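> Supplied structure: final-v9.cif, mmCIF, C-alpha atoms and all ligand atoms.
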```cif
data_final
loop_
_atom_site.label_atom_id
_atom_site.label_comp_id
_atom_site.auth_asym_id
_atom_site.auth_seq_id
_atom_site.Cartn_x
_atom_site.Cartn_y
_atom_site.Cartn_z
CA MET A 251 -16.40 29.62 -29.96
CA SER A 252 -19.18 27.60 -28.43
CA SER A 253 -22.74 28.86 -28.86
CA GLU A 254 -23.93 26.28 -26.30
CA ALA A 255 -21.75 28.06 -23.74
CA ALA A 256 -22.95 31.47 -24.80
CA ALA A 257 -26.55 30.42 -24.14
CA ARG A 258 -25.95 29.58 -20.49
CA ALA A 259 -26.23 32.26 -17.82
CA GLY A 260 -23.66 32.26 -14.99
CA GLU A 261 -22.17 29.55 -12.81
CA ASP A 262 -24.34 27.27 -10.66
CA VAL A 263 -22.44 28.25 -7.52
CA GLU A 264 -24.49 26.09 -5.10
CA ASN A 265 -24.02 23.02 -7.23
CA VAL A 266 -20.27 23.61 -7.57
CA ARG A 267 -19.90 24.23 -3.84
CA SER A 268 -21.68 21.01 -2.87
CA PHE A 269 -19.36 19.03 -5.18
CA PHE A 270 -16.18 20.59 -3.74
CA ASP A 271 -17.43 20.30 -0.16
CA GLN A 272 -16.83 16.55 -0.69
CA TRP A 273 -13.11 17.35 -0.90
CA ALA A 274 -11.98 13.69 -0.61
CA ILE A 275 -12.93 12.87 -4.22
CA TYR A 276 -10.97 15.81 -5.61
CA ARG A 277 -8.05 14.96 -3.31
CA ARG A 278 -7.86 11.47 -4.84
CA VAL A 279 -7.88 13.04 -8.32
CA ILE A 280 -5.01 15.41 -7.58
CA GLU A 281 -2.94 12.84 -5.68
CA ARG A 282 -2.90 10.68 -8.83
CA ASN A 283 -2.00 13.77 -10.93
CA TYR A 284 -5.03 13.11 -13.17
CA LEU A 285 -5.40 16.87 -13.69
CA PHE A 286 -1.68 17.50 -14.30
CA HIS A 287 -1.13 19.48 -11.10
CA ARG A 288 2.59 18.61 -11.07
CA GLU A 289 3.14 20.09 -14.52
CA ALA A 290 0.86 23.07 -13.90
CA TYR A 291 2.42 24.07 -10.60
CA ALA A 292 5.94 23.58 -12.04
CA GLU A 293 4.97 26.35 -14.48
CA LEU A 294 3.78 28.55 -11.61
CA ASP A 295 7.13 27.92 -9.93
CA ARG A 296 8.99 29.08 -13.08
CA VAL A 297 6.87 32.20 -13.46
CA LEU A 298 7.28 33.12 -9.79
CA GLY A 299 11.03 32.63 -10.23
CA GLY A 300 10.84 35.34 -12.91
CA PHE A 301 10.05 37.95 -10.26
CA GLY A 302 13.75 37.74 -9.38
CA GLY A 303 13.39 37.22 -5.64
CA ARG A 304 11.16 40.27 -5.11
CA ALA A 305 8.36 39.55 -2.62
CA VAL A 306 5.11 39.08 -4.60
CA SER A 307 1.48 39.49 -3.68
CA VAL A 308 -0.61 36.47 -4.68
CA LEU A 309 -4.33 36.25 -5.38
CA ASP A 310 -5.47 32.61 -5.64
CA LEU A 311 -9.02 32.42 -7.02
CA GLY A 312 -10.75 29.07 -6.43
CA SER A 313 -7.84 28.17 -4.16
CA GLY A 314 -9.24 24.79 -3.15
CA ASP A 315 -7.01 23.40 -0.38
CA ALA A 316 -4.02 25.38 -1.80
CA SER A 317 -1.83 22.33 -1.15
CA TYR A 318 0.17 22.57 -4.38
CA MET A 319 0.19 26.37 -4.19
CA ALA A 320 1.65 26.30 -0.67
CA GLU A 321 4.44 23.94 -1.80
CA VAL A 322 5.37 26.31 -4.63
CA LEU A 323 5.10 29.49 -2.56
CA ALA A 324 7.44 27.99 0.05
CA ARG A 325 10.22 28.41 -2.55
CA HIS A 326 9.56 32.14 -3.15
CA ALA A 327 9.29 35.43 -1.27
CA VAL A 328 5.60 36.14 -0.65
CA ALA A 329 4.51 39.61 0.45
CA ALA A 330 0.88 38.54 0.94
CA TYR A 331 -1.42 35.68 -0.06
CA ARG A 332 -5.17 35.91 -0.52
CA GLY A 333 -7.20 32.76 -1.18
CA VAL A 334 -10.82 32.84 -2.30
CA ASP A 335 -13.13 29.83 -2.49
CA ILE A 336 -16.84 29.11 -2.23
CA SER A 337 -16.24 25.83 -0.39
CA PRO A 338 -15.73 26.28 3.37
CA VAL A 339 -14.24 22.77 3.50
CA ALA A 340 -11.58 23.60 0.91
CA LEU A 341 -10.87 26.99 2.45
CA SER A 342 -10.22 25.61 5.93
CA LEU A 343 -7.65 23.23 4.40
CA ALA A 344 -6.10 26.16 2.51
CA ARG A 345 -5.81 28.07 5.78
CA GLU A 346 -3.81 25.17 7.27
CA ASN A 347 -1.58 24.69 4.20
CA VAL A 348 -0.79 28.36 3.57
CA GLY A 349 -0.64 29.11 7.31
CA ARG A 350 2.57 27.08 7.50
CA LEU A 351 4.32 29.60 5.21
CA GLY A 352 4.15 32.31 7.84
CA CYS A 353 3.44 35.08 5.29
CA PRO A 354 0.53 37.51 5.72
CA ALA A 355 -2.51 35.55 4.49
CA GLU A 356 -6.20 36.21 4.10
CA PHE A 357 -8.98 33.76 3.20
CA THR A 358 -12.34 34.76 1.79
CA GLN A 359 -15.27 32.43 1.44
CA GLY A 360 -17.32 33.60 -1.51
CA ASP A 361 -17.93 33.67 -5.22
CA PHE A 362 -14.84 35.12 -6.88
CA PHE A 363 -16.81 36.25 -9.93
CA ALA A 364 -18.71 38.63 -7.63
CA LEU A 365 -15.69 39.51 -5.49
CA VAL A 366 -13.06 40.46 -8.12
CA PRO A 367 -14.92 43.53 -9.50
CA THR A 368 -15.03 44.92 -5.94
CA LEU A 369 -11.31 44.49 -5.19
CA ARG A 370 -9.42 47.74 -4.70
CA GLU A 371 -5.90 46.31 -4.56
CA ALA A 372 -4.14 44.63 -7.45
CA ALA A 373 -1.75 41.66 -7.03
CA ASP A 374 1.53 40.74 -8.73
CA PHE A 375 0.45 37.18 -9.39
CA VAL A 376 -3.15 36.11 -9.93
CA TYR A 377 -3.95 32.41 -10.37
CA ILE A 378 -7.14 30.58 -11.29
CA GLY A 379 -6.73 26.82 -11.10
CA LEU A 380 -9.54 24.88 -12.75
CA SER A 381 -12.58 27.06 -12.16
CA LEU A 382 -12.76 29.74 -14.87
CA HIS A 383 -14.32 27.15 -17.18
CA HIS A 384 -17.54 27.17 -15.15
CA LEU A 385 -18.43 30.48 -16.80
CA PRO A 386 -20.14 30.73 -20.17
CA LEU A 387 -18.19 32.43 -22.93
CA ALA A 388 -19.47 36.01 -22.62
CA ASP A 389 -18.98 35.94 -18.84
CA LYS A 390 -15.42 34.67 -19.28
CA GLY A 391 -14.70 37.72 -21.45
CA ARG A 392 -16.21 40.13 -18.91
CA PHE A 393 -14.38 38.42 -16.08
CA LEU A 394 -11.01 38.59 -17.88
CA ALA A 395 -11.49 42.36 -18.13
CA ASP A 396 -12.13 42.46 -14.35
CA LEU A 397 -9.03 40.33 -13.84
CA ARG A 398 -6.91 42.65 -15.98
CA ARG A 399 -7.70 45.42 -13.49
CA VAL A 400 -6.37 43.39 -10.54
CA VAL A 401 -3.03 42.47 -12.15
CA LYS A 402 -0.29 44.93 -11.15
CA PRO A 403 2.05 46.41 -13.78
CA GLY A 404 4.82 43.85 -14.32
CA GLY A 405 2.59 41.13 -12.92
CA CYS A 406 0.63 38.34 -14.55
CA LEU A 407 -2.49 36.20 -14.54
CA MET A 408 -2.07 32.45 -14.94
CA VAL A 409 -4.87 29.97 -15.49
CA CYS A 410 -4.95 26.20 -15.70
CA GLU A 411 -8.16 25.21 -17.46
CA PRO A 412 -9.87 22.48 -19.45
CA ILE A 413 -9.64 23.29 -23.15
CA CYS A 414 -11.20 22.11 -26.38
CA ARG A 415 -9.62 21.91 -29.81
CA ALA A 416 -10.31 24.74 -32.26
CA GLY A 417 -13.85 24.25 -33.60
CA GLU A 418 -14.70 21.40 -31.18
CA SER A 419 -18.20 21.71 -29.66
CA ARG A 420 -18.87 21.48 -25.93
CA SER A 421 -20.63 18.13 -26.31
CA ALA A 422 -17.78 16.75 -28.48
CA VAL A 423 -15.05 17.73 -26.03
CA LEU A 424 -17.01 16.44 -23.02
CA ASP A 425 -17.58 13.10 -24.78
CA ARG A 426 -13.86 12.96 -25.68
CA TRP A 427 -12.98 13.85 -22.06
CA TRP A 428 -15.21 11.07 -20.70
CA ASP A 429 -13.86 8.52 -23.18
CA ILE A 430 -10.29 9.23 -21.95
CA VAL A 431 -11.03 9.73 -18.26
CA SER A 432 -13.24 6.66 -17.88
CA ARG A 433 -10.26 4.56 -19.07
CA LYS A 434 -7.47 6.42 -17.22
CA TRP A 435 -8.86 7.47 -13.82
CA THR A 436 -8.81 3.91 -12.52
CA ALA A 437 -8.20 4.80 -8.85
CA LEU A 438 -11.73 6.17 -8.45
CA SER A 439 -14.76 4.06 -7.49
CA ALA A 440 -17.76 3.83 -9.84
CA GLU A 441 -19.65 6.11 -7.45
CA ASP A 442 -16.86 8.74 -7.45
CA MET A 443 -16.65 8.57 -11.25
CA ALA A 444 -20.39 9.18 -11.50
CA ALA A 445 -20.03 12.25 -9.24
CA VAL A 446 -17.09 13.57 -11.29
CA LYS A 447 -18.92 13.01 -14.58
CA GLY A 448 -22.04 14.75 -13.26
CA HIS A 449 -19.96 17.73 -12.09
CA VAL A 450 -18.10 18.09 -15.40
CA PHE A 451 -21.11 17.60 -17.71
CA GLY A 452 -23.17 19.96 -15.55
CA ASN A 453 -20.64 22.75 -15.07
CA ASP A 454 -17.72 22.71 -17.51
CA TYR A 455 -17.49 25.03 -20.51
CA PRO A 456 -14.01 24.50 -22.03
CA GLU A 457 -12.73 27.00 -24.60
CA SER A 458 -10.01 26.63 -27.21
CA ILE A 459 -6.64 28.31 -26.70
CA ASP A 460 -7.46 30.60 -29.64
CA THR A 461 -10.61 31.71 -27.85
CA TYR A 462 -8.71 32.37 -24.62
CA ASP A 463 -6.17 34.37 -26.64
CA ALA A 464 -8.93 36.48 -28.25
CA LEU A 465 -10.69 37.04 -24.91
CA GLY A 466 -7.40 38.00 -23.26
CA ARG A 467 -6.50 40.53 -25.98
CA ALA A 468 -9.97 42.08 -25.81
CA ALA A 469 -9.50 42.44 -22.04
CA GLY A 470 -6.17 44.29 -22.40
CA PHE A 471 -3.71 41.42 -22.16
CA ALA A 472 -0.86 40.65 -24.59
CA PRO A 473 -1.14 37.49 -26.77
CA VAL A 474 -1.47 34.51 -24.46
CA ALA A 475 1.60 32.40 -23.67
CA VAL A 476 0.83 28.67 -23.64
CA ARG A 477 3.02 27.24 -20.89
CA PHE A 478 1.74 23.65 -20.90
CA THR A 479 -0.77 21.51 -22.79
CA CYS A 480 -1.46 17.96 -21.59
CA PRO A 481 -0.94 15.09 -24.06
CA ASP A 482 -4.68 14.57 -24.71
CA GLU A 483 -5.25 18.32 -25.28
CA LEU A 484 -7.76 18.47 -22.45
CA TYR A 485 -6.00 20.87 -20.05
CA ALA A 486 -3.64 23.80 -20.57
CA VAL A 487 -1.73 26.34 -18.49
CA LEU A 488 -1.93 29.85 -19.93
CA GLU A 489 -0.15 33.04 -18.95
CA PHE A 490 -1.62 36.49 -19.55
CA ARG A 491 0.55 39.60 -19.20
CA PRO A 492 -0.79 43.16 -19.46
CA ALA A 493 -0.46 44.42 -23.05
CA ALA A 494 2.38 46.91 -23.65
CA GLY A 495 1.26 50.45 -22.98
CA LEU A 496 -1.57 49.29 -20.73
CA GLY A 497 0.58 47.91 -17.89
C1 LIG A 501 -10.99 22.11 -9.32
S1 LIG A 501 -10.80 22.93 -7.78
C2 LIG A 501 -9.17 23.61 -7.95
C3 LIG A 501 -8.50 23.92 -6.65
C4 LIG A 501 -7.07 24.48 -6.79
N1 LIG A 501 -7.07 25.77 -7.48
C5 LIG A 501 -6.17 23.50 -7.51
O1 LIG A 501 -5.42 23.92 -8.39
O2 LIG A 501 -6.19 22.32 -7.15
C6 LIG A 501 -11.82 24.35 -8.06
C7 LIG A 501 -12.01 25.16 -6.78
O3 LIG A 501 -12.65 26.38 -7.18
C8 LIG A 501 -13.71 26.64 -6.28
N2 LIG A 501 -14.67 27.48 -7.03
C9 LIG A 501 -15.38 27.15 -8.14
N3 LIG A 501 -16.14 28.19 -8.55
C10 LIG A 501 -15.87 29.20 -7.67
C11 LIG A 501 -16.34 30.54 -7.55
N4 LIG A 501 -17.24 31.05 -8.41
N5 LIG A 501 -15.88 31.30 -6.53
C12 LIG A 501 -14.98 30.80 -5.64
N6 LIG A 501 -14.51 29.53 -5.69
C13 LIG A 501 -14.94 28.75 -6.72
C14 LIG A 501 -14.23 25.28 -5.86
O4 LIG A 501 -14.92 25.33 -4.62
C15 LIG A 501 -12.93 24.48 -5.78
O5 LIG A 501 -12.35 24.54 -4.50
#
```
Can I see the file as structure tokens?

Amino acid sequence: MSSEAAARAGEDVENVRSFFDQWAIYRRVIERNYLFHREAYAELDRVLGGFGGRAVSVLDLGSGDASYMAEVLARHAVAAYRGVDISPVALSLARENVGRLGCPAEFTQGDFFALVPTLREAADFVYIGLSLHHLPLADKGRFLADLRRVVKPGGCLMVCEPICRAGESRSAVLDRWWDIVSRKWTALSAEDMAAVKGHVFGNDYPESIDTYDALGRAAGFAPVAVRFTCPDELYAVLEFRPAAGLG
């Protein structure tokens, strides 16, 4: 576990919002599948298929434009969708994308770390795509316990997050990330790459899968299921189910 992460207090919400308000850069990243959205959302599709056709309630934390989410949800019965994001730019795009599904939908602009502890209703399917890693280690643990409370019995929490290898420090994984990304993300301009690098080095706190597993168990989830790990071991899709007896 990273002591650098443990030393930091909270997410720099303003900084993160101003980065994602420039949605065009992130759009270019996801269109090229640099963050493995195709593989990640294919896993969401499989897990939603496991609800056996029953209409599910969905809580999408850090929804972004919800473009991939809307494509997946179009193949399933959705009782209700709630998207939460700090970026008004991203959220207005999410409203358009999810609006086409015609299911009951609600959009909240705000910090999900503050919002989740106040939620009264649990959801069948809770997803966090690429924003849990902004929290330092201790806050991730506290937040997973809050998340456990908003997952309905029989439901699940899925996350797609940057990871590090067991024992890899924050600075080592960020240097490894930049070494790979600076060679592979060729569709971005030098200016965009500088913005992406600044965002990641300023805000990202990846954890190992073992750490996520330990945090999940401490929060009342069963051992984590690893649904996907990208070839460079930089991103993974994890599934947390309520531990038996606590569901
Ligand atoms: C990397 S994007 C991912 C978007 C989408 N989930 C996806 O899979 O493409 C992260 C999103 O989380 C939002 N975000 C980051 N921290 C947040 C927070 N504390 N509360 C709400 N939204 C947050 C950002 O504004 C951004 O839209």
> Using only C-alpha atoms and all ligand atoms, find each protein or nucleic acid residue lying at most 7 Å from ligand LIG 501 (chain A); present the set as a PyMOL selection string.
chain A and resi 261+263+266-267+270+287+311-316+318+334-337+340+360-363+378-381+384
> Give me the residues near A:Thr436 as a PyMOL selection string, where near means some atom within 10 Å (using all atoms listed in the file) and where sequence neighbours in that chain fewer than 4 positions away do not count.
chain A and resi 282+284+431-432+440+443
> What's the separation between atom CA of A:Leu488 and atom CA of A:Val474, in Å to one decimal place?
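Pair atom CA of A:Leu488 / atom CA of A:Val474 returns 6.5 Å.
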> Near stretch 294-299 of chain A, counting only C-alpha atoms, which residues have an atom at most 12 Å away, once you skip same-chain residues fewer than 2 positions from it, shown as an mmCIF file with C-alpha atoms, in the frame of the given file?

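Result went into selection05.cif, see below:
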```
data_model
loop_
_atom_site.group_PDB
_atom_site.id
_atom_site.type_symbol
_atom_site.label_atom_id
_atom_site.label_comp_id
_atom_site.auth_asym_id
_atom_site.auth_seq_id
_atom_site.Cartn_x
_atom_site.Cartn_y
_atom_site.Cartn_z
ATOM 1 C CA HIS A 287 -1.130 19.480 -11.100
ATOM 2 C CA ARG A 288 2.590 18.610 -11.070
ATOM 3 C CA GLU A 289 3.140 20.090 -14.520
ATOM 4 C CA ALA A 290 0.860 23.070 -13.900
ATOM 5 C CA TYR A 291 2.420 24.070 -10.600
ATOM 6 C CA ALA A 292 5.940 23.580 -12.040
ATOM 7 C CA PHE A 301 10.050 37.950 -10.260
ATOM 8 C CA GLY A 302 13.750 37.740 -9.380
ATOM 9 C CA GLY A 303 13.390 37.220 -5.640
ATOM 10 C CA ARG A 304 11.160 40.270 -5.110
ATOM 11 C CA ALA A 305 8.360 39.550 -2.620
ATOM 12 C CA VAL A 306 5.110 39.080 -4.600
ATOM 13 C CA SER A 307 1.480 39.490 -3.680
ATOM 14 C CA VAL A 308 -0.610 36.470 -4.680
ATOM 15 C CA ASP A 310 -5.470 32.610 -5.640
ATOM 16 C CA TYR A 318 0.170 22.570 -4.380
ATOM 17 C CA MET A 319 0.190 26.370 -4.190
ATOM 18 C CA ALA A 320 1.650 26.300 -0.670
ATOM 19 C CA GLU A 321 4.440 23.940 -1.800
ATOM 20 C CA VAL A 322 5.370 26.310 -4.630
ATOM 21 C CA LEU A 323 5.100 29.490 -2.560
ATOM 22 C CA ALA A 324 7.440 27.990 0.050
ATOM 23 C CA ARG A 325 10.220 28.410 -2.550
ATOM 24 C CA HIS A 326 9.560 32.140 -3.150
ATOM 25 C CA ALA A 327 9.290 35.430 -1.270
ATOM 26 C CA VAL A 328 5.600 36.140 -0.650
ATOM 27 C CA ASP A 374 1.530 40.740 -8.730
ATOM 28 C CA PHE A 375 0.450 37.180 -9.390
ATOM 29 C CA VAL A 376 -3.150 36.110 -9.930
ATOM 30 C CA TYR A 377 -3.950 32.410 -10.370
ATOM 31 C CA ILE A 378 -7.140 30.580 -11.290
ATOM 32 C CA GLY A 379 -6.730 26.820 -11.100
ATOM 33 C CA GLY A 404 4.820 43.850 -14.320
ATOM 34 C CA GLY A 405 2.590 41.130 -12.920
ATOM 35 C CA CYS A 406 0.630 38.340 -14.550
ATOM 36 C CA LEU A 407 -2.490 36.200 -14.540
ATOM 37 C CA MET A 408 -2.070 32.450 -14.940
ATOM 38 C CA VAL A 409 -4.870 29.970 -15.490
ATOM 39 C CA CYS A 410 -4.950 26.200 -15.700
ATOM 40 C CA ALA A 475 1.600 32.400 -23.670
ATOM 41 C CA ARG A 477 3.020 27.240 -20.890
ATOM 42 C CA PHE A 478 1.740 23.650 -20.900
ATOM 43 C CA VAL A 487 -1.730 26.340 -18.490
ATOM 44 C CA LEU A 488 -1.930 29.850 -19.930
ATOM 45 C CA GLU A 489 -0.150 33.040 -18.950
ATOM 46 C CA PHE A 490 -1.620 36.490 -19.550
ATOM 47 C CA ARG A 491 0.550 39.600 -19.200
#
```
> Give me, please, the distance in Å between atom CA of A:Asp389 and atom CA of A:His449, quoted to one decimal.
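Taking atom CA of A:Asp389 and atom CA of A:His449, their separation equals 19.4 Å.
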> Quick one: of A:Gly391, A:Cys353, A:Leu309, A:Glu346, who's nearest to A:Leu365, counting all atoms listed in the file?
A:Leu309
> Counting all atoms listed in the file, figure out which residue out of A:Pro456, A:Ala494, A:Glu418, A:Glu411 gets nearest to A:Val476.
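Going through A:Pro456, A:Ala494, A:Glu418, A:Glu411 one by one, the smallest distance to A:Val476 is for A:Glu411.
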> Determine the nearest neighbour of A:Pro354 from the options A:Leu438, A:Ala330, A:Thr368, A:Leu341, counting only C-alpha atoms.
A:Ala330
> Could you check which of A:Ile275, A:Ala329, A:Ala469, A:Ala437 is closest to A:Arg398, using only C-alpha atoms?
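Nearest to A:Arg398: A:Ala469.
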> Check the smallest atom-to-atom distance from each of A:Gly349, A:Gly300, A:Pro386, A:Pro492 to A:Arg420 using only C-alpha atoms, then report the winner.
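Distance minimum relative to A:Arg420 lands on A:Pro386.
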> Separation of atom CA of A:Ile430 and atom CA of A:Glu293, in Å?
24.1 Å
> Out of A:Ala445, A:Leu387, A:Cys414, A:Val401, which residue has the shortest atom-to-atom distance to A:Cys480 when counting all atoms listed in the file?
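Of A:Ala445, A:Leu387, A:Cys414, A:Val401, the one nearest A:Cys480 is A:Cys414, counting all atoms listed in the file.
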> Within 8 Å of A:Val339, counting only C-alpha atoms, which residues qualify if same-chain residues fewer than 3 places away don't, as a VMD selection string?
chain A and resid 270 to 273 342 to 343
> Emit as lines of an AutoDock Vina configuration file the padded axis-aligned box for all listed atoms of stretch 334-347 of chain A, 3 Å per side, with centre and edge lengths in Å to one decimal.

```
center_x = -9.2
center_y = 27.8
center_z = 2.4
size_x = 21.3
size_y = 16.1
size_z = 15.8
```
> Got a moment to write stretch 279-352 of chain A out with C-alpha atoms, as a PDB file, in the first residue's frame?

```pdb
ATOM      1  CA  VAL A 279      -8.741   9.315 -25.551  1.00  0.00           C
ATOM      2  CA  ILE A 280     -11.836   7.128 -25.333  1.00  0.00           C
ATOM      3  CA  GLU A 281     -12.496   7.111 -29.083  1.00  0.00           C
ATOM      4  CA  ARG A 282      -9.048   5.534 -29.579  1.00  0.00           C
ATOM      5  CA  ASN A 283      -9.783   3.044 -26.758  1.00  0.00           C
ATOM      6  CA  TYR A 284      -6.597   4.147 -24.969  1.00  0.00           C
ATOM      7  CA  LEU A 285      -8.301   3.483 -21.623  1.00  0.00           C
ATOM      8  CA  PHE A 286      -9.781   0.112 -22.659  1.00  0.00           C
ATOM      9  CA  HIS A 287     -13.397   1.290 -22.603  1.00  0.00           C
ATOM     10  CA  ARG A 288     -14.438  -1.430 -25.063  1.00  0.00           C
ATOM     11  CA  GLU A 289     -13.142  -4.205 -22.815  1.00  0.00           C
ATOM     12  CA  ALA A 290     -14.393  -2.564 -19.616  1.00  0.00           C
ATOM     13  CA  TYR A 291     -17.921  -1.945 -20.856  1.00  0.00           C
ATOM     14  CA  ALA A 292     -18.081  -5.465 -22.362  1.00  0.00           C
ATOM     15  CA  GLU A 293     -17.624  -6.664 -18.761  1.00  0.00           C
ATOM     16  CA  LEU A 294     -20.424  -4.372 -17.582  1.00  0.00           C
ATOM     17  CA  ASP A 295     -22.598  -5.855 -20.319  1.00  0.00           C
ATOM     18  CA  ARG A 296     -21.865  -9.402 -19.061  1.00  0.00           C
ATOM     19  CA  VAL A 297     -22.565  -8.518 -15.445  1.00  0.00           C
ATOM     20  CA  LEU A 298     -25.828  -6.760 -16.340  1.00  0.00           C
ATOM     21  CA  GLY A 299     -26.777  -9.864 -18.340  1.00  0.00           C
ATOM     22  CA  GLY A 300     -26.435 -11.800 -15.073  1.00  0.00           C
ATOM     23  CA  PHE A 301     -29.498 -10.026 -13.667  1.00  0.00           C
ATOM     24  CA  GLY A 302     -31.508 -12.328 -15.936  1.00  0.00           C
ATOM     25  CA  GLY A 303     -33.646  -9.694 -17.623  1.00  0.00           C
ATOM     26  CA  ARG A 304     -34.893  -8.153 -14.364  1.00  0.00           C
ATOM     27  CA  ALA A 305     -35.036  -4.348 -14.567  1.00  0.00           C
ATOM     28  CA  VAL A 306     -32.050  -2.952 -12.619  1.00  0.00           C
ATOM     29  CA  SER A 307     -31.436   0.365 -10.928  1.00  0.00           C
ATOM     30  CA  VAL A 308     -28.099   1.895 -11.930  1.00  0.00           C
ATOM     31  CA  LEU A 309     -25.943   4.395 -10.056  1.00  0.00           C
ATOM     32  CA  ASP A 310     -23.151   5.739 -12.293  1.00  0.00           C
ATOM     33  CA  LEU A 311     -20.615   7.700 -10.219  1.00  0.00           C
ATOM     34  CA  GLY A 312     -18.330   9.971 -12.270  1.00  0.00           C
ATOM     35  CA  SER A 313     -20.578   9.239 -15.241  1.00  0.00           C
ATOM     36  CA  GLY A 314     -18.706  11.510 -17.643  1.00  0.00           C
ATOM     37  CA  ASP A 315     -20.721  11.690 -20.875  1.00  0.00           C
ATOM     38  CA  ALA A 316     -22.136   8.175 -20.180  1.00  0.00           C
ATOM     39  CA  SER A 317     -21.698   7.383 -23.888  1.00  0.00           C
ATOM     40  CA  TYR A 318     -20.422   3.829 -23.388  1.00  0.00           C
ATOM     41  CA  MET A 319     -22.801   3.280 -20.476  1.00  0.00           C
ATOM     42  CA  ALA A 320     -25.810   4.290 -22.589  1.00  0.00           C
ATOM     43  CA  GLU A 321     -24.784   1.840 -25.337  1.00  0.00           C
ATOM     44  CA  VAL A 322     -24.598  -1.000 -22.813  1.00  0.00           C
ATOM     45  CA  LEU A 323     -27.799  -0.072 -20.973  1.00  0.00           C
ATOM     46  CA  ALA A 324     -29.691  -0.054 -24.286  1.00  0.00           C
ATOM     47  CA  ARG A 325     -29.287  -3.858 -24.268  1.00  0.00           C
ATOM     48  CA  HIS A 326     -30.795  -4.347 -20.777  1.00  0.00           C
ATOM     49  CA  ALA A 327     -33.928  -3.557 -18.784  1.00  0.00           C
ATOM     50  CA  VAL A 328     -33.259  -0.431 -16.709  1.00  0.00           C
ATOM     51  CA  ALA A 329     -35.621   0.491 -13.880  1.00  0.00           C
ATOM     52  CA  ALA A 330     -33.834   3.794 -13.191  1.00  0.00           C
ATOM     53  CA  TYR A 331     -30.500   5.460 -13.964  1.00  0.00           C
ATOM     54  CA  ARG A 332     -28.764   8.054 -11.818  1.00  0.00           C
ATOM     55  CA  GLY A 333     -25.618   9.760 -13.085  1.00  0.00           C
ATOM     56  CA  VAL A 334     -23.397  11.889 -10.862  1.00  0.00           C
ATOM     57  CA  ASP A 335     -20.532  14.075 -12.063  1.00  0.00           C
ATOM     58  CA  ILE A 336     -18.757  17.237 -10.975  1.00  0.00           C
ATOM     59  CA  SER A 337     -18.352  18.445 -14.559  1.00  0.00           C
ATOM     60  CA  PRO A 338     -21.434  20.252 -15.912  1.00  0.00           C
ATOM     61  CA  VAL A 339     -20.065  19.772 -19.440  1.00  0.00           C
ATOM     62  CA  ALA A 340     -19.855  15.994 -19.042  1.00  0.00           C
ATOM     63  CA  LEU A 341     -23.220  15.800 -17.301  1.00  0.00           C
ATOM     64  CA  SER A 342     -25.086  17.640 -20.054  1.00  0.00           C
ATOM     65  CA  LEU A 343     -23.680  15.116 -22.565  1.00  0.00           C
ATOM     66  CA  ALA A 344     -24.740  12.269 -20.248  1.00  0.00           C
ATOM     67  CA  ARG A 345     -28.253  13.704 -20.145  1.00  0.00           C
ATOM     68  CA  GLU A 346     -28.398  13.537 -23.969  1.00  0.00           C
ATOM     69  CA  ASN A 347     -26.907  10.029 -24.220  1.00  0.00           C
ATOM     70  CA  VAL A 348     -28.955   8.407 -21.454  1.00  0.00           C
ATOM     71  CA  GLY A 349     -32.057  10.432 -22.381  1.00  0.00           C
ATOM     72  CA  ARG A 350     -32.320   8.398 -25.589  1.00  0.00           C
ATOM     73  CA  LEU A 351     -32.934   5.221 -23.546  1.00  0.00           C
ATOM     74  CA  GLY A 352     -36.293   6.492 -22.345  1.00  0.00           C
TER      75      GLY A 352
END
```
